[in-house]
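*Asks:* Mind having a look at this structure? Questions to follow.
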Amino acid sequence: MLDEAFFRRDAVAVAQDLLGCVLLHGDVGGIIVETEAYRDDPASHAVLRGPRGRLMRETYGRLYVYLIYGMHYCLNFTTDAGGPGAVLIRAVAPTHGLDRMQARVLRPLPPHELARGPGRLCRAFGIGREHNGDRVGDRVSVLPRQGRPAIATSPRIGITKGRDLLWRFYIPDEPSVSRFR
DNA sequence: CAAGTGATTAGCT
DNA sequence: GCTAATCACTTGT
């Protein structure tokens, strides 16, 4: 299982190294296929003065879970390389507990869509605000990958500032990767 | 393409 | 204290 030392690095490196790892929560799990890095950049929540920004600035190896647009949760892991950092988990290819995921999502979905996109991922995995601040490994854990997957790069999705940075990473030709807009 | 949804935050008073 | 703006998304038309 990945420990805190793994996350005590730059968010961009962690984002790339999480691809191919297995995300686990209880009896559901899958392979991480899409991530985004955030650190001290215009789109980062590190600038927020409240508890959300503080988690990014002052911790590593913790879950940062927040509600977005009033209805979706997003899962991040905090990182640290001497500055603020977090990695958004955008998509997972389900491997375990698919029936459990089906039961949690709003409507029937093909397996590769169950955890495609950050909001759906949290819903399928049963991750919400109660997990915010958890240490990785408490309830949600990550298993190391075997081998090194191919990695593709793009701008991050859904942001208005910081579009020049190529900090989205994904495994090419993976059907569980969200559609590029 | 537009609506839906509510917590968080900054910027006032 | 209060208010308004913002928001790392998904779904259905």
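Residues are referred to by chain and number: the chain letter is A, B, ... according to the order shown in the structure tokens, the number counts from 1 in that chain, and ligands are numbered separately from 1 in the order shown.
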Please, which residues of range 12-95 of chain A, numbered as in this document, come out strand (DSSP E or B) from DSSP, as a PyMOL selection string?
*Replies:* chain A and resi 22-25+28-38+62-68+72-78+86-95
*Asks:* Pull out every residue of chain A sitting within 12 Å of chain B, counting only C-alpha atoms (C1' of nucleotides), and send them as number ranges by chain.
*Replies:* A: 45, 47-53, 66-73, 129
*Asks:* Any idea which chain C residues end up within 7 Å of chain A if we count only C-alpha atoms (C1' of nucleotides), as a PyMOL selection string please?
*Replies:* chain C and resi 7-9
*Asks:* Please produce a file of the residues just selected, as a short mmCIF file (atom, residue, chain, number, x, y, z; two decimals), in the first residue's frame, where the atoms kept are all heavy atoms.
*Replies:*
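Result file out.cif:
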data_model
loop_
_atom_site.label_atom_id
_atom_site.label_comp_id
_atom_site.auth_asym_id
_atom_site.auth_seq_id
_atom_site.Cartn_x
_atom_site.Cartn_y
_atom_site.Cartn_z
P DC C 7 -14.44 30.76 -10.22
OP1 DC C 7 -13.03 31.12 -10.04
OP2 DC C 7 -15.11 31.01 -11.51
"O5'" DC C 7 -14.60 29.20 -9.93
"C5'" DC C 7 -14.47 28.68 -8.61
"C4'" DC C 7 -15.24 27.37 -8.54
"O4'" DC C 7 -16.58 27.65 -8.13
"C3'" DC C 7 -15.39 26.64 -9.88
"O3'" DC C 7 -14.43 25.60 -9.96
"C2'" DC C 7 -16.80 26.09 -9.87
"C1'" DC C 7 -17.37 26.55 -8.54
N1 DC C 7 -18.78 26.99 -8.58
C2 DC C 7 -19.61 26.68 -7.50
O2 DC C 7 -19.16 26.05 -6.55
N3 DC C 7 -20.89 27.07 -7.53
C4 DC C 7 -21.36 27.76 -8.60
N4 DC C 7 -22.62 28.14 -8.59
C5 DC C 7 -20.52 28.08 -9.72
C6 DC C 7 -19.25 27.67 -9.65
P DA C 8 -13.05 25.37 -9.67
OP1 DA C 8 -12.81 25.25 -8.27
OP2 DA C 8 -12.28 26.35 -10.49
"O5'" DA C 8 -12.82 23.91 -10.29
"C5'" DA C 8 -13.03 23.69 -11.66
"C4'" DA C 8 -12.65 22.26 -12.01
"O4'" DA C 8 -11.29 22.02 -11.58
"C3'" DA C 8 -13.48 21.20 -11.29
"O3'" DA C 8 -13.48 20.00 -12.06
"C2'" DA C 8 -12.70 20.99 -10.00
"C1'" DA C 8 -11.27 21.08 -10.51
N9 DA C 8 -10.35 21.60 -9.49
C8 DA C 8 -10.01 22.89 -9.26
N7 DA C 8 -9.16 23.05 -8.29
C5 DA C 8 -8.91 21.76 -7.85
C6 DA C 8 -8.11 21.24 -6.83
N6 DA C 8 -7.34 21.99 -6.05
N1 DA C 8 -8.10 19.90 -6.65
C2 DA C 8 -8.87 19.15 -7.44
N3 DA C 8 -9.68 19.52 -8.43
C4 DA C 8 -9.65 20.85 -8.59
P DC C 9 -14.66 19.86 -13.18
OP1 DC C 9 -14.35 18.62 -13.89
OP2 DC C 9 -14.81 21.11 -13.90
"O5'" DC C 9 -15.97 19.59 -12.33
"C5'" DC C 9 -16.12 18.41 -11.53
"C4'" DC C 9 -17.50 17.83 -11.72
"O4'" DC C 9 -18.47 18.88 -11.82
"C3'" DC C 9 -17.67 16.98 -12.99
"O3'" DC C 9 -18.09 15.68 -12.61
"C2'" DC C 9 -18.72 17.71 -13.81
"C1'" DC C 9 -19.47 18.52 -12.76
N1 DC C 9 -20.09 19.74 -13.31
C2 DC C 9 -21.48 19.89 -13.22
O2 DC C 9 -22.16 19.01 -12.70
N3 DC C 9 -22.04 21.01 -13.72
C4 DC C 9 -21.28 21.95 -14.28
N4 DC C 9 -21.88 23.05 -14.75
C5 DC C 9 -19.86 21.82 -14.38
C6 DC C 9 -19.33 20.72 -13.90
#
*Asks:* Kindly give the distance, in Å, that separates CA of Met101 in chain A and CA of Tyr60 in chain A, rounded to a single decimal.
*Replies:*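 CA of Tyr60 in chain A lies at a distance of 27.9 Å from CA of Met101 in chain A.
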*Asks:* Write out as a list of chain:residue names the residues lying within 8 Å of range 109-115 of chain A, counting only C-alpha atoms (C1' of nucleotides) and excluding same-chain residues fewer than 6 positions away.
*Replies:*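 Those residues are A:Ala91, A:Val92, A:Ala93, A:Pro94, A:Leu98, A:Met101, A:Gln102, A:Leu121, A:Cys122, A:Arg123, A:Ala124, A:Phe125, A:Pro175, A:Ser176.
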*Asks:* Have a look at CA of Gly61 in chain A and CA of Arg9 in chain A and let me know their distance in Å, one decimal.
*Replies:* 10.0 Å
*Asks:* Please identify which residues in range 106-136 of chain A DSSP calls alpha helix (DSSP H) from the backbone, and express them as JSON, numbers by chain.
*Replies:* {"A": [118, 119, 120, 121, 122, 123, 124, 125]}
*Asks:* To one decimal place, how far is CA of Pro42 in chain A from CA of Val65 in chain A in Å?
*Replies:* 19.6 Å
